[in-house]
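Next comes query39.pdb, a file with PDB, C-alpha atoms.
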```
ATOM      1  CA  MET A 177       0.000   0.000   0.000
ATOM      2  CA  SER A 178       1.141   3.525  -0.673
ATOM      3  CA  ARG A 179       1.571   6.121   2.054
ATOM      4  CA  GLU A 180      -1.568   7.874   0.791
ATOM      5  CA  GLU A 181      -3.583   4.656   0.983
ATOM      6  CA  THR A 182      -2.383   3.977   4.536
ATOM      7  CA  ILE A 183      -3.428   7.472   5.603
ATOM      8  CA  LYS A 184      -6.876   7.003   4.021
ATOM      9  CA  LEU A 185      -7.205   3.653   5.788
ATOM     10  CA  LEU A 186      -6.173   5.113   9.136
ATOM     11  CA  ASN A 187      -8.659   7.947   8.763
ATOM     12  CA  PHE A 188     -11.575   5.702   7.805
ATOM     13  CA  TYR A 189     -12.478   4.863  11.420
ATOM     14  CA  ASN A 190     -12.257   6.481  14.832
ATOM     15  CA  GLY A 191     -11.857   4.876  18.231
ATOM     16  CA  ARG A 192     -11.137   1.183  18.640
ATOM     17  CA  ASN A 193     -11.289   0.331  14.936
ATOM     18  CA  ARG A 194      -8.763   3.041  14.062
ATOM     19  CA  LEU A 195      -6.547   1.780  16.877
ATOM     20  CA  ILE A 196      -6.728  -1.739  15.415
ATOM     21  CA  ILE A 197      -5.563  -0.508  12.002
ATOM     22  CA  GLU A 198      -2.954   1.786  13.549
ATOM     23  CA  ILE A 199      -1.390  -1.016  15.586
ATOM     24  CA  LEU A 200      -1.367  -3.401  12.616
ATOM     25  CA  LEU A 201       0.315  -0.795  10.398
ATOM     26  CA  LEU A 202       2.829   0.465  12.950
ATOM     27  CA  THR A 203       3.903  -2.852  14.424
ATOM     28  CA  GLY A 204       3.522  -5.380  11.623
ATOM     29  CA  ILE A 205       1.975  -7.904  14.008
ATOM     30  CA  ARG A 206      -0.274 -10.653  12.730
ATOM     31  CA  VAL A 207      -4.044 -10.374  13.140
ATOM     32  CA  GLY A 208      -4.081 -13.377  15.478
ATOM     33  CA  GLU A 209      -1.453 -11.699  17.650
ATOM     34  CA  LEU A 210      -3.540  -8.527  17.850
ATOM     35  CA  ALA A 211      -6.630 -10.558  18.754
ATOM     36  CA  SER A 212      -4.727 -12.194  21.627
ATOM     37  CA  ILE A 213      -3.710  -8.977  23.406
ATOM     38  CA  HIS A 214      -4.909  -8.615  26.983
ATOM     39  CA  LYS A 215      -4.438  -5.747  29.415
ATOM     40  CA  SER A 216      -1.826  -7.850  31.200
ATOM     41  CA  ASN A 217       0.301  -7.831  27.999
ATOM     42  CA  LEU A 218       0.773  -4.053  28.172
ATOM     43  CA  THR A 219       3.776  -2.312  29.660
ATOM     44  CA  GLU A 220       4.911   1.312  29.255
ATOM     45  CA  ASN A 221       5.268   1.563  25.447
ATOM     46  CA  GLU A 222       5.345  -2.153  24.728
ATOM     47  CA  ILE A 223       3.173  -5.194  24.263
ATOM     48  CA  LYS A 224       4.509  -8.556  25.447
ATOM     49  CA  LEU A 225       3.186 -11.373  23.268
ATOM     50  CA  VAL A 226       3.545 -15.057  22.657
ATOM     51  CA  CYS A 227       3.684 -15.210  18.879
ATOM     52  CA  LYS A 228       3.759 -17.799  16.124
ATOM     53  CA  GLY A 229       5.892 -20.780  17.109
ATOM     54  CA  ASN A 230       5.357 -20.024  20.831
ATOM     55  CA  LYS A 231       8.056 -17.357  20.709
ATOM     56  CA  GLU A 232       7.869 -14.571  23.249
ATOM     57  CA  ARG A 233       8.243 -11.206  21.635
ATOM     58  CA  THR A 234       8.155  -7.570  22.638
ATOM     59  CA  ILE A 235       6.234  -5.261  20.332
ATOM     60  CA  TYR A 236       7.285  -1.630  20.576
ATOM     61  CA  LEU A 237       4.722   1.121  20.149
ATOM     62  CA  PRO A 238       5.182   4.774  19.294
ATOM     63  CA  GLU A 239       4.417   6.916  22.334
ATOM     64  CA  GLU A 240       1.159   8.341  20.938
ATOM     65  CA  THR A 241      -0.167   4.895  19.955
ATOM     66  CA  ALA A 242       0.764   3.526  23.385
ATOM     67  CA  ARG A 243      -1.134   6.398  24.997
ATOM     68  CA  LYS A 244      -4.243   5.675  22.885
ATOM     69  CA  LEU A 245      -4.008   1.956  23.640
ATOM     70  CA  LYS A 246      -3.783   2.552  27.397
ATOM     71  CA  LYS A 247      -6.697   4.978  27.260
ATOM     72  CA  TYR A 248      -8.759   2.413  25.355
ATOM     73  CA  ALA A 249      -7.728  -0.406  27.738
ATOM     74  CA  ASN A 250      -8.791   1.698  30.728
ATOM     75  CA  SER A 251     -12.155   2.455  29.118
ATOM     76  CA  ILE A 252     -13.287  -1.171  28.842
ATOM     77  CA  SER A 253     -14.086  -3.604  31.620
ATOM     78  CA  LYS A 254     -12.858  -6.837  30.084
ATOM     79  CA  ASP A 255      -9.221  -7.991  30.014
ATOM     80  CA  LYS A 256      -9.183  -8.982  26.317
ATOM     81  CA  LEU A 257      -8.711  -5.787  24.324
ATOM     82  CA  PHE A 258      -9.720  -6.618  20.774
ATOM     83  CA  PRO A 259     -12.245  -8.794  18.930
ATOM     84  CA  ASN A 260     -11.398 -12.171  17.457
ATOM     85  CA  ARG A 261      -9.395 -12.617  14.270
ATOM     86  CA  ARG A 262     -12.456 -12.809  11.988
ATOM     87  CA  ASN A 263     -13.949  -9.594  13.321
ATOM     88  CA  ILE A 264     -10.637  -7.755  12.963
ATOM     89  CA  GLN A 265     -10.405  -9.018   9.384
ATOM     90  CA  ARG A 266     -13.959  -7.786   8.762
ATOM     91  CA  ILE A 267     -13.169  -4.321  10.176
ATOM     92  CA  VAL A 268     -10.116  -3.965   7.932
ATOM     93  CA  THR A 269     -11.787  -5.450   4.838
ATOM     94  CA  ILE A 270     -14.788  -3.118   5.074
ATOM     95  CA  ALA A 271     -12.524  -0.068   5.268
ATOM     96  CA  MET A 272     -10.266  -1.257   2.441
ATOM     97  CA  ASN A 273     -13.239  -1.996   0.178
ATOM     98  CA  LYS A 274     -14.931   1.355   0.883
ATOM     99  CA  ILE A 275     -11.819   3.347  -0.030
ATOM    100  CA  GLY A 276     -10.846   1.127  -2.964
ATOM    101  CA  ILE A 277      -7.750  -0.633  -1.649
ATOM    102  CA  GLU A 278      -7.190  -4.203  -2.761
ATOM    103  CA  GLY A 279      -5.802  -6.583  -0.181
ATOM    104  CA  SER A 280      -6.422  -8.055   3.225
ATOM    105  CA  THR A 281      -5.260  -7.651   6.794
ATOM    106  CA  HIS A 282      -2.012  -9.315   5.778
ATOM    107  CA  THR A 283      -1.469  -6.431   3.348
ATOM    108  CA  LEU A 284      -1.011  -4.228   6.412
ATOM    109  CA  ARG A 285       1.805  -6.501   7.626
ATOM    110  CA  HIS A 286       3.447  -6.314   4.190
ATOM    111  CA  THR A 287       3.046  -2.535   4.168
ATOM    112  CA  SER A 288       4.523  -2.187   7.636
ATOM    113  CA  ALA A 289       7.523  -4.363   6.748
ATOM    114  CA  THR A 290       8.086  -2.630   3.419
ATOM    115  CA  MET A 291       7.986   0.829   5.000
ATOM    116  CA  MET A 292      10.384  -0.303   7.746
ATOM    117  CA  TYR A 293      12.771  -1.677   5.132
ATOM    118  CA  GLN A 294      12.554   1.487   3.009
ATOM    119  CA  ARG A 295      13.446   3.616   6.060
ATOM    120  CA  THR A 296      16.251   1.417   7.404
ATOM    121  CA  HIS A 297      17.502  -0.734   4.481
ATOM    122  CA  ASP A 298      18.261  -3.317   7.166
ATOM    123  CA  ILE A 299      16.792  -6.743   6.390
ATOM    124  CA  LEU A 300      17.936  -8.126   9.769
ATOM    125  CA  LEU A 301      16.112  -5.369  11.624
ATOM    126  CA  VAL A 302      12.946  -6.092   9.613
ATOM    127  CA  LYS A 303      13.382  -9.809  10.383
ATOM    128  CA  GLU A 304      13.362  -9.049  14.118
ATOM    129  CA  PHE A 305      10.559  -6.499  13.717
ATOM    130  CA  LEU A 306       8.341  -9.190  12.145
ATOM    131  CA  GLY A 307       9.429 -11.928  14.538
ATOM    132  CA  HIS A 308      10.781 -14.200  11.822
ATOM    133  CA  SER A 309      13.328 -16.896  12.560
ATOM    134  CA  THR A 310      15.047 -16.618   9.165
ATOM    135  CA  VAL A 311      15.735 -13.856   6.669
ATOM    136  CA  LEU A 312      14.213 -16.045   3.954
ATOM    137  CA  SER A 313      10.792 -15.521   5.506
ATOM    138  CA  THR A 314      11.379 -11.772   5.647
ATOM    139  CA  GLN A 315      12.384 -11.277   2.023
ATOM    140  CA  ILE A 316       8.828 -11.648   0.730
ATOM    141  CA  TYR A 317       7.804  -8.591   2.773
ATOM    142  CA  THR A 318      10.490  -6.262   1.488
ATOM    143  CA  HIS A 319       9.048  -4.787  -1.662
ATOM    144  CA  ILE A 320      11.693  -2.680  -3.316
ATOM    145  CA  ASN A 321      10.478  -0.254  -5.939
ATOM    146  CA  ASN A 322      12.154   0.358  -9.306
ATOM    147  CA  ASP A 323      13.426   3.805  -8.308
ATOM    148  CA  GLU A 324      15.391   2.250  -5.446
ATOM    149  CA  ILE A 325      16.893  -0.306  -7.824
ATOM    150  CA  LYS A 326      17.843   2.447 -10.310
ATOM    151  CA  ARG A 327      19.489   4.527  -7.538
ATOM    152  CA  ALA A 328      21.414   1.481  -6.339
ATOM    153  CA  VAL A 329      22.679   0.742  -9.852
ATOM    154  CA  GLU A 330      23.665   4.382 -10.404
ATOM    155  CA  SER A 331      25.496   4.579  -7.080
ATOM    156  CA  ASN A 332      27.588   1.463  -7.703
ATOM    157  CA  PRO A 333      31.244   2.508  -7.266
ATOM    158  CA  LEU A 334      32.182   0.569 -10.411
ATOM    159  CA  ASN A 335      30.154   3.022 -12.502
ATOM    160  CA  PHE A 336      32.907   5.602 -12.108
ATOM    161  CA  ILE A 337      35.887   3.509 -13.241
TER     162      ILE A 337
END
```
Before anything else, please render the file you have as structure tokens.
Amino acid sequence: MSREETIKLLNFYNGRNRLIIEILLLTGIRVGELASIHKSNLTENEIKLVCKGNKERTIYLPEETARKLKKYANSISKDKLFPNRRNIQRIVTIAMNKIGIEGSTHTLRHTSATMMYQRTHDILLVKEFLGHSTVLSTQIYTHINNDEIKRAVESNPLNFI
């Protein structure tokens, strides 16, 4: 997804549903991981999760998102913060369809990983960010656009020999 599409998607909802999309886009977590978050998983600006493969992982949140999440958590009486996987998928799909974006909830994970890679150019950092055990799993998330490839070719030191 483009930056413009992500902004449209974020602005489609308010409240809990916006927070769901915001967390998915900013953290790259899987929908099932989001659905499993309880109040007890929250720390200052982090979420402690047991992820795919029973791996414990710390998810870092930007300060503003952490503030919104805590405010939301304090406003509800139950410990489980978000709906089940299917309902999260429905929330995201409705918004994507209404604003004309093709994809699914997993598209948000791809977008998050791609944007992280474009900012850092560090595949190992993206691997850790996504909670992958190998870089091979991460490579499918790192969409590199043609302009980046052209710049890399032009900046090759051998071009100037």
Original post:
Which is closest to Ala328 of chain A among A:Asn263, A:Glu240, A:His297, A:Glu232, if we use all atoms listed in the file?
Top reply: A:His297
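Reported to one decimal place, the separation of atom CA of Ser280 of chain A from atom CA of Phe258 of chain A is 17.9 Å.
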**OP:** Enumerate, as a ChimeraX atom specification, the residues matched when the PyMOL selection byres ((chain A and resi 216) around 12) is run on the file above.
**Re:** /A:212-215,217-220,222-225,246,249-250,254-257
Original post:
Between A:Lys303, A:Glu180, A:Lys274, A:Tyr248, which has the minimum distance to Leu195 of chain A (counting all atoms listed in the file)?
Top reply: A:Tyr248
**OP:** Can you give me, as a PyMOL selection string, the residues this file yields under the PyMOL selection byres ((chain A and resi 182) around 12)?
**Re:** chain A and resi 177-181+183-188+194+197-198+200-202+268+271-272+275-278+283-288+291
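Between atom CA of Ala289 of chain A and atom CA of Gly204 of chain A lies a distance of 6.4 Å.
Here atom CA of Gln265 of chain A and atom CA of Cys227 of chain A stand 18.1 Å from one another.
With distances restricted to only C-alpha atoms, A:Gly191 is the closest residue to Lys247 of chain A from A:Gly191, A:Ser309, A:Gln315, A:Ile199.
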Subject >> Residues within 6 Å of (3.2, -0.6, 18.8), counting only C-alpha atoms, listed as a PyMOL selection string >> reply: chain A and resi 199+202-203+235-238
Any chance you could work out the axis-aligned box around segment 231-238 of chain A, listed atoms only, 8 Å on each side, giving centre and edge lengths in Å to one decimal, as AutoDock Vina command-line options?
```
--center_x 6.5 --center_y -6.3 --center_z 21.3 --size_x 19.5 --size_y 38.1 --size_z 20.0
```
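Once the PyMOL selection byres ((chain A and resi 299) around 10) is applied to the depicted file, the selected set reads A:Ala289, A:Met292, A:Tyr293, A:Gln294, A:Thr296, A:His297, A:Asp298, A:Leu300, A:Leu301, A:Val302, A:Lys303, A:Glu304, A:Phe305, A:Val311, A:Leu312, A:Thr314, A:Gln315, A:Tyr317, A:Thr318.
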Restricting the output to C-alpha atoms, write the selected residues as a PDB file, in the coordinates of the input.
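Result file is part15.pdb:
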```
ATOM      1  CA  ALA A 289       7.523  -4.363   6.748  1.00  0.00           C
ATOM      2  CA  MET A 292      10.384  -0.303   7.746  1.00  0.00           C
ATOM      3  CA  TYR A 293      12.771  -1.677   5.132  1.00  0.00           C
ATOM      4  CA  GLN A 294      12.554   1.487   3.009  1.00  0.00           C
ATOM      5  CA  THR A 296      16.251   1.417   7.404  1.00  0.00           C
ATOM      6  CA  HIS A 297      17.502  -0.734   4.481  1.00  0.00           C
ATOM      7  CA  ASP A 298      18.261  -3.317   7.166  1.00  0.00           C
ATOM      8  CA  LEU A 300      17.936  -8.126   9.769  1.00  0.00           C
ATOM      9  CA  LEU A 301      16.112  -5.369  11.624  1.00  0.00           C
ATOM     10  CA  VAL A 302      12.946  -6.092   9.613  1.00  0.00           C
ATOM     11  CA  LYS A 303      13.382  -9.809  10.383  1.00  0.00           C
ATOM     12  CA  GLU A 304      13.362  -9.049  14.118  1.00  0.00           C
ATOM     13  CA  PHE A 305      10.559  -6.499  13.717  1.00  0.00           C
ATOM     14  CA  VAL A 311      15.735 -13.856   6.669  1.00  0.00           C
ATOM     15  CA  LEU A 312      14.213 -16.045   3.954  1.00  0.00           C
ATOM     16  CA  THR A 314      11.379 -11.772   5.647  1.00  0.00           C
ATOM     17  CA  GLN A 315      12.384 -11.277   2.023  1.00  0.00           C
ATOM     18  CA  TYR A 317       7.804  -8.591   2.773  1.00  0.00           C
ATOM     19  CA  THR A 318      10.490  -6.262   1.488  1.00  0.00           C
TER      20      THR A 318
END
```
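For the choices A:Pro333, A:Thr310, A:Ala211, A:Gly279, the atom-to-atom distance to Asn260 of chain A is smallest for A:Ala211 when using all atoms listed in the file.
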Original post:
Of the candidates A:Val329, A:Leu306, A:Ile270, A:Ile252, which shows the shortest atom-to-atom distance to Arg206 of chain A, using all atoms listed in the file?
Top reply: A:Leu306
Subject >> Within-10 Å shell of (0.9, -15.4, 13.3) in input frame, only C-alpha atoms, as a list in words >> reply: Ile205, Arg206, Val207, Gly208, Glu209, Leu210, Val226, Cys227, Lys228, Gly229, Asn230, Leu306 and Gly307 of chain A
